[in-house]
Each structure stands twice: as C-alpha cells, then as structure tokens.
$ cat final-v4.txt   # compact mmCIF, C-alpha atoms
# COMPACT_ATOMS: atom_id res chain seq x y z
CA MET A 92 121.84 91.62 80.20
CA ASN A 93 118.83 89.54 79.06
CA TYR A 94 116.73 88.03 81.85
CA PHE A 95 113.89 85.52 81.51
CA PHE A 96 111.57 85.36 84.55
CA THR A 97 109.71 82.07 84.87
CA GLY A 98 106.74 82.66 87.18
CA ILE A 99 106.70 86.40 86.51
CA ALA A 100 103.15 87.06 87.77
CA GLY A 101 104.20 87.05 91.43
CA HIS A 102 104.76 90.45 93.08
CA GLY A 103 108.33 89.67 94.03
CA MET A 104 109.19 88.49 90.54
CA ASN A 105 107.52 91.17 88.46
CA GLY A 106 108.71 93.91 90.82
CA LEU A 107 112.27 92.88 90.11
CA ALA A 108 111.47 92.53 86.40
CA PHE A 109 110.08 96.09 86.27
CA TYR A 110 113.15 97.36 88.12
CA LEU A 111 115.65 95.69 85.78
CA LYS A 112 113.70 96.84 82.72
CA ALA A 113 113.86 100.43 83.97
CA LYS A 114 117.62 100.01 84.41
CA GLY A 115 118.03 99.15 80.73
CA HIS A 116 118.02 95.34 80.71
CA GLU A 117 116.03 93.18 78.28
CA ILE A 118 113.30 91.31 80.14
CA SER A 119 110.95 88.52 79.11
CA GLY A 120 109.04 85.90 81.04
CA SER A 121 106.22 83.42 81.45
CA ASP A 122 103.63 82.37 84.00
CA ARG A 123 101.20 79.48 84.10
CA SER A 124 98.46 81.82 85.33
CA PHE A 125 98.69 83.77 82.08
CA ASP A 126 98.32 80.51 80.16
CA LEU A 127 95.09 79.92 82.11
CA GLY A 128 93.74 83.37 81.29
CA GLN A 129 94.33 84.71 84.83
CA ASN A 130 96.05 87.84 86.17
CA ALA A 131 95.06 89.90 83.14
CA GLU A 132 95.89 93.20 84.84
CA ILE A 133 99.45 92.12 85.68
CA LEU A 134 99.88 90.77 82.15
CA SER A 135 98.80 94.12 80.72
CA GLN A 136 101.20 96.03 83.00
CA LEU A 137 104.12 93.84 81.95
CA LYS A 138 103.37 94.26 78.25
CA THR A 139 102.94 98.02 78.66
CA ALA A 140 106.41 98.14 80.22
CA GLY A 141 107.81 96.43 77.13
CA ILE A 142 108.31 93.04 78.76
CA LYS A 143 107.74 90.14 76.38
CA ILE A 144 105.54 87.34 77.68
CA PHE A 145 105.64 83.76 76.41
CA PRO A 146 103.68 80.59 77.22
CA GLN A 147 105.28 78.61 80.05
CA ASP A 148 106.35 75.86 77.68
CA GLY A 149 110.04 76.65 77.25
CA SER A 150 109.56 78.46 73.95
CA GLY A 151 110.62 81.84 75.34
CA VAL A 152 113.93 80.70 76.86
CA GLU A 153 116.90 81.61 74.63
CA LYS A 154 120.67 81.10 74.62
CA ASP A 155 121.50 84.65 75.71
CA ASN A 156 119.09 84.59 78.70
CA VAL A 157 119.76 84.34 82.40
CA LEU A 158 116.77 82.43 83.78
CA VAL A 159 115.34 83.82 87.03
CA TYR A 160 113.19 81.55 89.19
CA THR A 161 111.84 81.08 92.72
CA ARG A 162 111.69 77.92 94.77
CA SER A 163 108.00 77.61 93.91
CA VAL A 164 108.96 76.91 90.28
CA GLU A 165 109.67 73.19 90.03
CA HIS A 166 112.96 72.04 88.51
CA ASP A 167 111.15 70.00 85.87
CA THR A 168 109.02 72.81 84.42
CA ALA A 169 109.41 73.35 80.68
CA ASP A 170 111.24 76.67 81.09
CA ARG A 171 113.82 75.29 83.50
CA MET A 172 114.29 72.12 81.45
CA GLN A 173 114.94 74.28 78.37
CA ALA A 174 117.46 76.37 80.33
CA LYS A 175 119.33 73.21 81.28
CA LYS A 176 119.22 72.00 77.68
CA LEU A 177 120.72 75.29 76.46
CA GLY A 178 123.25 75.34 79.31
CA ILE A 179 122.34 78.88 80.36
CA LYS A 180 122.70 80.35 83.84
CA GLU A 181 119.81 79.94 86.29
CA ILE A 182 119.57 82.20 89.33
CA LEU A 183 117.18 82.38 92.25
CA ARG A 184 115.29 85.64 92.54
CA THR A 185 116.80 85.94 96.02
CA HIS A 186 120.35 85.84 94.76
CA LEU A 187 119.71 88.25 91.90
CA LEU A 188 118.03 90.70 94.25
CA GLY A 189 120.91 90.24 96.65
CA GLU A 190 123.40 91.19 93.94
CA ILE A 191 121.41 94.36 93.31
CA LEU A 192 120.89 95.30 96.96
CA SER A 193 124.53 94.72 97.89
CA LYS A 194 125.34 97.84 95.87
CA THR A 195 122.65 99.99 97.51
CA GLU A 196 121.76 101.66 100.80
CA ASN A 197 119.08 99.08 101.60
CA ILE A 198 116.41 99.30 104.28
CA CYS A 199 114.89 95.90 105.07
CA ILE A 200 111.56 95.75 106.92
CA ALA A 201 110.71 92.42 108.55
CA GLY A 202 107.85 91.28 110.77
CA THR A 203 104.93 88.90 110.92
CA SER A 204 102.46 91.79 110.88
CA GLY A 205 102.52 95.34 109.58
CA LYS A 206 105.49 95.13 107.25
CA THR A 207 103.50 96.06 104.12
CA THR A 208 101.97 99.14 105.77
CA THR A 209 105.32 100.11 107.28
CA THR A 210 107.12 99.66 103.95
CA SER A 211 104.60 101.82 102.11
CA LEU A 212 104.75 104.47 104.87
CA VAL A 213 108.55 104.58 104.78
CA GLY A 214 108.61 104.73 100.99
CA TYR A 215 106.00 107.49 100.79
CA VAL A 216 107.57 109.66 103.50
CA LEU A 217 111.09 109.28 102.08
CA THR A 218 109.75 110.22 98.65
CA ASN A 219 108.20 113.39 100.11
CA LEU A 220 111.48 114.09 101.89
CA LYS A 221 113.14 114.10 98.44
CA ALA A 222 115.20 110.98 99.17
CA ASP A 223 113.85 109.46 95.92
CA PRO A 224 113.96 105.80 97.04
CA THR A 225 113.25 102.62 95.15
CA ILE A 226 110.49 100.71 96.97
CA PHE A 227 109.63 97.01 96.81
CA CYS A 228 106.32 96.45 98.63
CA GLY A 229 104.20 93.33 99.17
CA SER A 230 100.97 94.98 98.05
CA GLU A 231 99.87 97.87 95.86
CA MET A 232 100.93 101.22 97.30
CA ARG A 233 97.99 103.47 96.49
CA ASN A 234 100.14 106.59 96.45
CA PHE A 235 102.12 105.10 93.56
CA ASN A 236 99.45 102.82 92.00
CA SER A 237 101.96 99.98 92.09
CA HIS A 238 103.80 97.64 94.43
CA ILE A 239 107.09 99.06 93.18
CA ARG A 240 108.52 102.56 92.84
CA ILE A 241 111.77 103.02 90.99
CA GLY A 242 113.81 105.93 92.32
CA LYS A 243 117.00 107.55 91.12
CA SER A 244 118.88 107.50 94.41
CA ASN A 245 120.87 104.59 95.85
CA LEU A 246 118.29 104.14 98.63
CA VAL A 247 116.14 100.97 98.47
CA VAL A 248 113.24 100.18 100.82
CA ILE A 249 112.20 96.54 100.73
CA GLU A 250 109.59 94.44 102.52
CA THR A 251 111.19 91.18 103.60
CA ASP A 252 109.88 87.81 104.70
CA GLU A 253 109.96 86.98 108.40
CA SER A 254 110.28 83.21 108.24
CA GLY A 255 113.66 82.55 106.70
CA LYS A 256 111.97 79.70 104.84
CA SER A 257 110.85 81.55 101.74
CA ASP A 258 112.81 82.72 98.74
CA ASP A 259 113.65 86.04 100.35
CA ILE A 260 116.45 88.54 100.64
CA ILE A 261 116.35 88.89 104.43
CA PHE A 262 119.14 86.38 104.96
CA THR A 263 121.32 86.85 101.89
CA VAL A 264 122.45 90.48 102.11
CA PRO A 265 123.53 92.42 105.23
CA PRO A 266 120.99 95.27 105.55
CA LYS A 267 122.18 98.83 106.06
CA ILE A 268 119.08 99.35 108.21
CA ALA A 269 117.11 96.37 109.57
CA LEU A 270 113.67 96.92 111.11
CA ALA A 271 112.68 93.98 113.33
CA HIS A 272 109.00 94.82 113.77
CA ASN A 273 107.33 91.84 115.45
CA ILE A 274 107.07 88.06 115.66
CA SER A 275 103.84 86.10 116.03
CA LEU A 276 102.40 82.79 114.87
CA ASP A 277 101.58 82.77 111.17
CA HIS A 278 103.24 80.65 108.49
CA HIS A 279 105.83 79.00 110.74
CA PRO A 280 106.27 78.18 114.44
CA ILE A 281 107.67 81.09 116.45
CA ALA A 282 110.62 79.03 117.70
CA GLU A 283 111.77 78.61 114.09
CA ILE A 284 111.52 82.31 113.31
CA ILE A 285 113.40 83.83 116.25
CA PRO A 286 116.90 82.67 115.14
CA HIS A 287 116.33 84.23 111.72
CA PHE A 288 115.55 87.59 113.29
CA GLN A 289 118.65 87.28 115.45
CA GLU A 290 120.76 86.77 112.34
CA PHE A 291 118.92 89.64 110.64
CA ILE A 292 119.82 92.24 113.28
CA ASN A 293 123.34 90.86 113.81
CA LYS A 294 124.24 91.56 110.17
CA SER A 295 122.78 95.05 109.96
CA SER A 296 124.65 98.34 110.26
CA VAL A 297 121.67 99.79 112.17
CA SER A 298 119.09 97.61 113.95
CA LEU A 299 115.66 99.02 114.82
CA LEU A 300 113.78 97.01 117.46
CA ASN A 301 110.12 97.11 118.51
CA MET A 302 110.09 97.01 122.31
CA ASP A 303 106.38 96.12 122.43
CA CYS A 304 107.04 92.69 120.90
CA PRO A 305 108.22 90.29 123.64
CA TYR A 306 110.24 88.25 121.17
CA ILE A 307 111.95 91.20 119.49
CA SER A 308 112.74 92.94 122.79
CA LYS A 309 114.50 89.80 124.07
CA LEU A 310 116.80 89.35 121.06
CA ASN A 311 120.50 89.34 121.94
CA ARG A 312 122.01 92.72 121.06
CA LYS A 313 125.69 91.96 121.72
CA LYS A 314 126.61 91.72 118.03
CA CYS A 315 124.47 94.68 116.91
CA LYS A 316 126.51 97.62 115.65
CA LYS A 317 123.92 100.32 116.40
CA ILE A 318 120.45 100.01 117.96
CA ILE A 319 117.40 102.28 117.96
CA THR A 320 114.30 101.12 119.83
CA TYR A 321 110.67 102.16 119.42
CA GLY A 322 107.41 101.34 121.15
CA VAL A 323 103.89 102.29 122.15
CA GLU A 324 103.63 100.67 125.58
CA ASN A 325 107.19 99.96 126.67
CA SER A 326 110.08 102.36 127.22
CA ALA A 327 112.00 103.05 124.01
CA ASP A 328 114.15 105.62 122.22
CA ILE A 329 111.17 106.57 120.05
CA GLN A 330 107.88 106.39 121.93
CA ALA A 331 104.32 107.48 121.17
CA LYS A 332 102.57 109.72 123.69
CA ASN A 333 99.12 111.37 123.90
CA ILE A 334 97.54 108.84 121.54
CA LYS A 335 94.07 109.61 120.18
CA TYR A 336 92.29 106.87 118.25
CA ASN A 337 89.72 107.67 115.53
CA PHE A 338 87.76 105.33 113.25
CA ASP A 339 89.87 106.12 110.19
CA SER A 340 93.06 107.57 111.71
CA VAL A 341 95.24 107.90 114.78
CA GLU A 342 97.07 110.86 116.32
CA PHE A 343 100.06 110.83 118.68
CA CYS A 344 103.19 112.73 119.66
CA VAL A 345 106.86 111.81 119.61
CA ASP A 346 109.06 114.23 121.58
CA LYS A 347 106.19 116.76 121.46
CA ILE A 348 105.96 116.61 117.65
CA LYS A 349 102.42 115.73 116.53
CA PHE A 350 101.81 112.94 114.01
CA GLN A 351 98.54 112.02 112.31
CA ILE A 352 98.32 108.77 110.36
CA PRO A 353 95.22 108.16 108.15
CA ILE A 354 94.88 104.53 109.29
CA PRO A 355 93.44 103.44 112.65
CA GLY A 356 94.46 101.23 115.55
CA LYS A 357 97.32 100.77 117.99
CA HIS A 358 99.05 98.44 115.54
CA ASN A 359 99.30 101.31 113.07
CA VAL A 360 100.85 103.55 115.73
CA SER A 361 103.51 100.84 115.94
CA ASN A 362 103.86 100.79 112.15
CA ALA A 363 104.27 104.56 112.13
CA LEU A 364 106.90 104.42 114.88
CA GLY A 365 108.86 101.94 112.79
CA MET A 366 108.74 104.41 109.91
CA ILE A 367 109.85 107.25 112.17
CA ALA A 368 112.75 105.14 113.47
CA ILE A 369 113.96 104.50 109.93
CA CYS A 370 113.72 108.15 108.92
CA LYS A 371 115.55 109.25 112.08
CA ALA A 372 118.27 106.67 111.40
CA LEU A 373 118.71 108.36 108.02
CA GLY A 374 119.09 111.74 109.71
CA PHE A 375 115.70 113.36 109.11
CA GLU A 376 114.12 115.63 111.73
CA LEU A 377 110.84 114.69 113.42
CA SER A 378 109.10 117.88 112.31
CA LYS A 379 109.92 117.18 108.67
CA ILE A 380 108.86 113.53 108.98
CA SER A 381 105.51 114.62 110.43
CA LYS A 382 104.80 116.97 107.52
CA ALA A 383 105.87 114.37 104.94
CA ILE A 384 103.09 111.98 106.02
CA LYS A 385 100.39 114.28 104.64
CA GLY A 386 98.52 112.65 101.76
CA TYR A 387 99.51 109.08 102.66
CA LYS A 388 97.09 106.34 101.55
CA ASN A 389 97.04 102.87 103.09
CA PRO A 390 98.10 99.91 100.92
CA ALA A 391 95.53 97.75 99.14
CA ILE A 392 93.39 95.56 101.45
CA ARG A 393 94.87 97.13 104.60
CA PHE A 394 91.85 98.59 106.42
CA ASP A 395 90.36 99.47 103.06
CA ILE A 396 87.28 101.60 103.83
CA LEU A 397 84.83 101.19 100.97
CA GLY A 398 82.58 103.86 102.41
CA GLN A 399 79.51 104.51 104.53
CA LYS A 400 75.91 104.05 103.45
CA ASN A 401 72.80 104.39 105.61
CA GLY A 402 75.07 104.86 108.62
CA ILE A 403 76.87 101.56 107.95
CA TRP A 404 80.60 101.34 107.25
CA VAL A 405 82.15 98.58 105.11
CA VAL A 406 85.83 97.67 105.50
CA ASN A 407 87.99 95.08 103.73
CA ASP A 408 91.16 93.90 105.48
CA PHE A 409 94.01 91.40 105.07
CA ALA A 410 93.84 90.16 108.70
CA HIS A 411 94.45 86.41 108.64
CA ASN A 412 96.23 85.32 111.84
CA GLY A 413 95.34 85.71 115.50
CA ASP A 414 97.29 88.91 116.13
CA LYS A 415 96.04 90.61 112.97
CA ILE A 416 92.41 89.66 113.69
CA SER A 417 92.68 90.95 117.27
CA ALA A 418 94.24 94.20 116.03
CA LEU A 419 91.48 94.69 113.46
CA LEU A 420 88.60 94.01 115.86
CA ASN A 421 90.14 96.17 118.58
CA ALA A 422 90.63 99.06 116.16
CA VAL A 423 86.96 98.97 115.13
CA LYS A 424 85.09 98.14 118.36
CA PRO A 425 85.19 101.62 119.94
CA PHE A 426 83.50 103.09 116.86
CA ALA A 427 80.95 100.37 116.07
CA LYS A 428 77.65 99.79 117.82
CA ARG A 429 78.02 96.32 116.38
CA ILE A 430 80.55 94.50 114.21
CA ILE A 431 79.21 92.26 111.47
CA GLY A 432 82.19 90.37 110.11
CA VAL A 433 83.04 87.51 107.80
CA PHE A 434 86.46 85.90 108.01
CA GLN A 435 87.82 83.23 105.70
CA PRO A 436 90.95 81.35 106.80
CA HIS A 437 93.25 80.02 104.10
CA GLY A 438 94.67 76.51 103.88
CA VAL A 439 94.15 73.50 106.11
CA ALA A 440 97.77 73.53 107.35
CA PRO A 441 97.62 77.16 108.62
CA VAL A 442 94.33 76.43 110.39
CA ARG A 443 95.82 73.31 111.97
CA MET A 444 98.76 75.36 113.26
CA MET A 445 96.87 78.52 114.29
CA ILE A 446 93.49 77.22 115.44
CA ASP A 447 94.11 78.10 119.09
CA ASP A 448 95.10 81.64 118.08
CA TYR A 449 91.97 81.98 115.94
CA ILE A 450 89.76 80.81 118.80
CA LYS A 451 91.47 83.19 121.21
CA ALA A 452 91.20 86.17 118.85
CA PHE A 453 87.47 85.75 118.27
CA SER A 454 86.66 84.72 121.84
CA GLU A 455 88.42 87.71 123.39
CA ASN A 456 87.27 90.31 120.86
CA THR A 457 83.68 89.40 119.98
CA ARG A 458 81.13 91.33 122.02
CA GLU A 459 77.65 90.03 122.84
CA GLN A 460 76.05 92.30 120.23
CA ASP A 461 78.52 91.46 117.43
CA ARG A 462 77.70 89.05 114.60
CA ASN A 463 80.82 87.35 113.32
CA PHE A 464 80.79 84.65 110.65
CA ILE A 465 83.58 82.33 109.54
CA ALA A 466 83.47 80.91 106.03
CA GLU A 467 84.87 77.51 105.14
CA ILE A 468 88.62 77.39 104.59
CA TYR A 469 89.81 78.80 101.27
CA MET A 470 91.85 76.29 99.30
CA ARG A 471 93.29 76.87 95.84
CA GLU A 472 93.12 73.15 95.19
CA SER A 473 90.67 70.67 96.68
CA VAL A 474 91.94 68.60 99.61
CA GLU A 475 90.47 65.17 100.19
CA ASN A 476 89.72 64.15 103.78
CA ALA A 477 90.81 67.51 105.22
CA ASP A 478 91.30 67.11 108.97
CA TYR A 479 90.29 70.68 109.84
CA SER A 480 87.35 72.92 108.98
CA SER A 481 86.29 76.44 109.91
CA LYS A 482 83.64 74.70 111.99
CA ASP A 483 86.42 73.64 114.37
CA ILE A 484 87.22 77.31 115.07
CA ILE A 485 83.53 78.03 115.63
CA GLU A 486 83.22 75.06 117.98
CA GLY A 487 86.21 76.27 119.99
CA CYS A 488 84.63 79.71 120.34
CA LYS A 489 81.35 78.09 121.41
CA LYS A 490 83.15 76.35 124.28
CA ASN A 491 84.25 79.81 125.41
CA GLY A 492 80.67 81.07 125.31
CA ILE A 493 81.07 82.98 122.04
CA LYS A 494 78.62 82.43 119.17
CA ILE A 495 80.12 82.54 115.68
CA ASP A 496 78.08 81.57 112.62
CA PHE A 497 79.28 79.37 109.76
CA LEU A 498 79.14 80.13 106.04
CA GLN A 499 80.00 77.55 103.43
CA LYS A 500 81.19 80.35 101.15
CA PRO A 501 81.99 84.00 101.96
CA GLU A 502 79.80 85.04 99.02
CA GLU A 503 76.76 84.18 101.15
CA SER A 504 77.45 87.37 103.12
CA ILE A 505 76.53 89.45 100.07
CA ASP A 506 72.85 88.68 100.67
CA ILE A 507 72.92 88.23 104.46
CA PHE A 508 74.79 91.31 105.65
CA PRO A 509 72.70 94.05 103.97
CA LYS A 510 69.58 92.46 105.49
CA ILE A 511 70.84 92.41 109.08
CA ALA A 512 73.00 95.57 109.14
CA LYS A 513 71.71 98.65 110.94
CA GLU A 514 72.84 102.23 111.40
CA GLY A 515 76.00 102.35 113.50
CA ASP A 516 77.22 98.91 112.41
CA VAL A 517 80.62 98.27 110.84
CA ILE A 518 80.84 95.42 108.32
CA LEU A 519 84.22 93.69 108.05
CA VAL A 520 85.32 91.32 105.29
CA PHE A 521 88.75 89.89 106.09
CA GLY A 522 91.19 87.15 105.22
CA ALA A 523 94.05 86.40 102.84
CA ARG A 524 94.63 84.48 99.62
CA ASN A 525 91.05 84.49 98.29
CA PRO A 526 91.14 87.16 95.54
CA ASP A 527 87.34 87.46 95.63
CA LEU A 528 87.16 88.91 99.17
CA PRO A 529 87.58 92.57 98.04
CA LEU A 530 84.86 92.04 95.43
CA ILE A 531 82.58 90.51 98.07
CA ALA A 532 83.08 93.58 100.27
CA LYS A 533 82.21 95.86 97.36
CA LYS A 534 79.04 93.92 96.55
CA ILE A 535 77.95 94.09 100.19
CA PHE A 536 78.44 97.85 100.12
CA ASP A 537 76.53 98.17 96.84
CA ASN A 538 73.63 96.16 98.31
CA LEU A 539 73.21 98.30 101.44

$ encode --input "final-v4.txt" --output "structure tokens"
Amino acid sequence: MNYFFTGIAGHGMNGLAFYLKAKGHEISGSDRSFDLGQNAEILSQLKTAGIKIFPQDGSGVEKDNVLVYTRSVEHDTADRMQAKKLGIKEILRTHLLGEILSKTENICIAGTSGKTTTTSLVGYVLTNLKADPTIFCGSEMRNFNSHIRIGKSNLVVIETDESGKSDDIIFTVPPKIALAHNISLDHHPIAEIIPHFQEFINKSSVSLLNMDCPYISKLNRKKCKKIITYGVENSADIQAKNIKYNFDSVEFCVDKIKFQIPIPGKHNVSNALGMIAICKALGFELSKISKAIKGYKNPAIRFDILGQKNGIWVVNDFAHNGDKISALLNAVKPFAKRIIGVFQPHGVAPVRMMIDDYIKAFSENTREQDRNFIAEIYMRESVENADYSSKDIIEGCKKNGIKIDFLQKPEESIDIFPKIAKEGDVILVFGARNPDLPLIAKKIFDNL
C-alpha cells in the first residue's frame, strides 16, 4: 500500500509513518513546517528511513496513494484538494491506527498527567522482559532514541489522549488493556473528560484504575470485564509501601519486592505502579519486573537533569498545568535549599481556563526563600487584545501572600539565574509548547 501523510512532522503522524514503512509499505508525505525550514531533525530522520518528502502544495499526492491526515489539517489544503481531485481515499490517522491496533494485543495508557513517562516505562520494561513490543510514545524515549520502537511481537503499547476531543485512538478501538491513570484540569473541563474515561474502561478486556485519583476511583465498574487497581495512598490491589524519596530517584516496595525508579517524586511512584499493573496483567512476576527496570532513562523534558555545577542543580521539565507544577515543586523542595524557577504558560485559552489552578499550585508550593518567575504566555501566533496575561497569575499569587516575579521572555532567566543562584539551589525551567525552553535551561547551566 502507498500512503501519503499530510502533516507528517507531528509525533503521532511520523510515528505511524515509520511503523508502516518498517512493515513494507511505501510512504511519502509533506509538512508546512518543512517548507518553512523548521523541524530539520525530523525531516532528516524521515529521509533516512526512506520516506519521500514533498512540499505541501499537492505535488506529492498521486493516484495510487491513500492520503492520511489529522483534524488539524484543513480540508482546503493543497494536498487534500489534490486528493479530492484525483478521487483517492482519505483516512484520518485515528482510523488508520485503529485498523492496525484492532489486529494487535494493544495496551492503551490514558491520563492527564504521567502518560508519557508511564508509556516509556512500560515499553522499556516489556522490552527487557523479551516481550518485544511496538511502542508509540508522546515524547522521545531516551532508551530508544526515538518516540517509537517497532517490535516483532503482536504487543503494542500506545500513549493515548485523555480528552476524547483530539484525533486519537482511545475511543475508536477496544483496548486489550486500558490504563486509566488520572484526570485533572488541562486542555478540557474535567466534566467533559470523565465520560470518555468511562467509555474507555467499559470497552477494555482488562481495566487498570488508579485509586489515588478521585475521578478514576469513582468510575462505574459494572461493565468492566476485569479490574486491577493500584495506588500510593489509597487501598489497591497493587500498592507502594516503604517509599523513600531521593532527588533523582524513588524507592518503594510492592508485596515486599523492592523497586527503584531513576526519576523522583510521588507522581512517579504512581507512574511506576501503573507500569507494574500492566506487566502483572500480562502475567509477569514482580521480581522480574523489578530487575527489568534497571537502566531506564526518563523521557525527554520529563525531569531532565542537566547536571550540577557549583552546588547548583538545573532541571528542565514539561510541567504545564496545576497538578504537574505541584508535583514538580513537591518533588524538588525536600532537596533544595531554595528553588529558582521560571515557568511559561502556553496559550491564552489554557490560562483563562486554568488560572485558578496555576495560582493554587504556586501559592501552595512556593516557600518564603524560593524565587519563582513566570514568563509571559507563549503563543505561536500573536493574539490581539488578549484578555489574560501571566501577570494575572502573579497578581493572584500576590493576593495569597506569595511573591512571584514577571519576565517578558523566559530567555531573560539566562542572565538572571546564574547571578542569583547559590550552592544548594535547584533551578527549574518548565512549561510546554515553547521549543526553546530546553535550550534556555542548557544556557543557564552553561552560565553557572
């Protein structure tokens, strides 16, 4: 089969393209970012894999193609108009992926937070357990130097979207194993998300539920075929005991078997328990799961420790909603004399929806000695007369007696942080969408 992917630069699209290419199909595609000279690394990877790339002007679409698209690709783009002109089949990425997954033993991992880390953990451990899975992850898995691993078995591990609003597989194929990890405010109101999770677990052969999430724990289980629960705080089938938190790792026991995960924080204990639940559902013993974790590396931009210099640590993280920010700050506080952090929210609409959560996260987790900064909202395109600013978050924190400083651009931290940082401090650079944040963290580290 010949597939043409329009908008191939996205992780979800090129992951599927790489997979189909490895399975012997002819793949080509286009992306407007390539036309603008962006995403050079992805472009190089696609070409190296033997995938032909064309301008997004319709010139690459041919009569023998099936055109693959996502809902973010408008119906009047040149590629899709050419497909209509030629009368060729067009298929949503979701539906194509669904066709593939319907023939596999698929493990779907869903949640507002932690799904990327959990997916990479599951994939890595199952690989070490010789299960040889295919893995579709939302970020680069450092153990595989890619966001996709193509295995030879019929087992597929896939990170899924929690909202039900995106072009995602979570609601098109009944999962063999469905991990319902957590629900919190992020891209969509919680009330809109809960029914999608209910449908998710109802369709699955095995449903894995996080008892520490109040929304997941209250889902109706009457239609579930088989249930396994896990948790840190609340009673569950799989529960962590004797937890020891370190700056760069966490240790705990499950049924007296010791686990050590090289990523910190209570939220990562939860992620690890989700992984353990999946592996147990597949029939693996706890002792073997524990050994298979050795050598695991966290995904890109998930508590990415750049290093320590002059007694100062620098960390880059993807935290971008209230729960993720709270989890990050709580993981670091016990090991930092002082936190010096810069956060950049993304998009006016998310700030409008989550401003109370932002204010709560910073107000409850900023100590008197900490120096947190919030940069102006990151927007890919300029917005005239924006009704919200990062200053509104700062003002809300001020009303709670918490001082947060404002930066017009996060790049300003490159000069400021090395000047104010002292031995024992931990510098945090966190947020989503802005591709420059990891580079900013690196420059801060270099300037220490």

$ residues_around --input "final-v4.txt" --residues "region 401-406 of chain A" --least-positions-apart "6" --cutoff "7 Å" --atoms "all atoms listed in the file" --output "list in words"
Phe394, Asp395, Lys513, Glu514, Gly515, Asp516, Val517, Ile518, Leu519, Val520 and Phe536 of chain A

$ atom_distance --input "final-v4.txt" --atom1 "CA of Ile511 (chain A)" --atom2 "CA of Lys424 (chain A)"
17.9 Å

$ residues_around --input "final-v4.txt" --residues "Ala363 (chain A)" --least-positions-apart "6" --cutoff "12 Å" --atoms "only C-alpha atoms" --output "number ranges by chain"
A: 205-216, 272, 301, 321-323, 329-331, 340-345, 350-357, 369-370, 380-381, 384, 387, 389

$ residues_around --input "final-v4.txt" --residues "Lys294 (chain A)" --least-positions-apart "6" --cutoff "9 Å" --atoms "all atoms listed in the file" --output "JSON, numbers by chain"
{"A": [262, 264, 265, 266, 267, 269, 314, 315, 316]}

$ residues_near_point --input "final-v4.txt" --point "(94.4, 91.4, 87.8)" --cutoff "12 Å" --atoms "only C-alpha atoms" --output "list in words"
Ala100, Gly101, His102, Ser124, Phe125, Gly128, Gln129, Asn130, Ala131, Glu132, Ile133, Leu134, Ser135, Gln136, Leu137, Glu231, Pro526 and Asp527 of chain A

$ closest_residue --input "final-v4.txt" --among "A:His116, A:Leu246, A:Ser361, A:Thr168" --to "Gly202 (chain A)" --atoms "all atoms listed in the file"
A:Ser361

$ closest_residue --input "final-v4.txt" --among "A:Ile465, A:Ala368, A:Ile249, A:Ala452" --to "Asn421 (chain A)" --atoms "all atoms listed in the file"
A:Ala452

$ atom_distance --input "final-v4.txt" --atom1 "CA of Val433 (chain A)" --atom2 "CA of Glu503 (chain A)"
9.7 Å

$ decode --input "final-v4.txt" --residues "region 433-445 of chain A" --atoms "N, CA and C atoms" --output "mmCIF file, in the first residue's frame"
data_model
loop_
_atom_site.group_PDB
_atom_site.id
_atom_site.type_symbol
_atom_site.label_atom_id
_atom_site.label_comp_id
_atom_site.auth_asym_id
_atom_site.auth_seq_id
_atom_site.Cartn_x
_atom_site.Cartn_y
_atom_site.Cartn_z
ATOM 1 N N VAL A 433 11.567 29.237 36.525
ATOM 2 C CA VAL A 433 10.852 30.044 35.543
ATOM 3 C C VAL A 433 9.852 29.138 34.832
ATOM 4 N N PHE A 434 8.608 29.560 34.850
ATOM 5 C CA PHE A 434 7.524 28.840 34.188
ATOM 6 C C PHE A 434 6.948 29.707 33.091
ATOM 7 N N GLN A 435 6.664 29.093 31.938
ATOM 8 C CA GLN A 435 5.979 29.812 30.868
ATOM 9 C C GLN A 435 4.709 29.064 30.479
ATOM 10 N N PRO A 436 3.540 29.639 30.780
ATOM 11 C CA PRO A 436 2.290 29.012 30.328
ATOM 12 C C PRO A 436 2.156 29.143 28.816
ATOM 13 N N HIS A 437 1.297 28.323 28.227
ATOM 14 C CA HIS A 437 1.132 28.365 26.780
ATOM 15 C C HIS A 437 -0.325 28.625 26.417
ATOM 16 N N GLY A 438 -0.541 29.630 25.597
ATOM 17 C CA GLY A 438 -1.872 29.913 25.073
ATOM 18 C C GLY A 438 -2.763 30.679 26.028
ATOM 19 N N VAL A 439 -3.463 31.668 25.501
ATOM 20 C CA VAL A 439 -4.371 32.468 26.323
ATOM 21 C C VAL A 439 -5.542 31.618 26.813
ATOM 22 N N ALA A 440 -6.094 30.772 25.947
ATOM 23 C CA ALA A 440 -7.248 29.951 26.332
ATOM 24 C C ALA A 440 -6.930 29.007 27.496
ATOM 25 N N PRO A 441 -5.789 28.283 27.467
ATOM 26 C CA PRO A 441 -5.461 27.446 28.631
ATOM 27 C C PRO A 441 -5.294 28.247 29.915
ATOM 28 N N VAL A 442 -4.694 29.443 29.816
ATOM 29 C CA VAL A 442 -4.525 30.270 31.015
ATOM 30 C C VAL A 442 -5.887 30.713 31.537
ATOM 31 N N ARG A 443 -6.771 31.090 30.632
ATOM 32 C CA ARG A 443 -8.121 31.502 31.025
ATOM 33 C C ARG A 443 -8.823 30.369 31.785
ATOM 34 N N MET A 444 -8.652 29.145 31.307
ATOM 35 C CA MET A 444 -9.329 28.001 31.915
ATOM 36 C C MET A 444 -8.649 27.545 33.209
ATOM 37 N N MET A 445 -7.312 27.643 33.269
ATOM 38 C CA MET A 445 -6.580 27.037 34.388
ATOM 39 C C MET A 445 -5.984 28.039 35.360
#
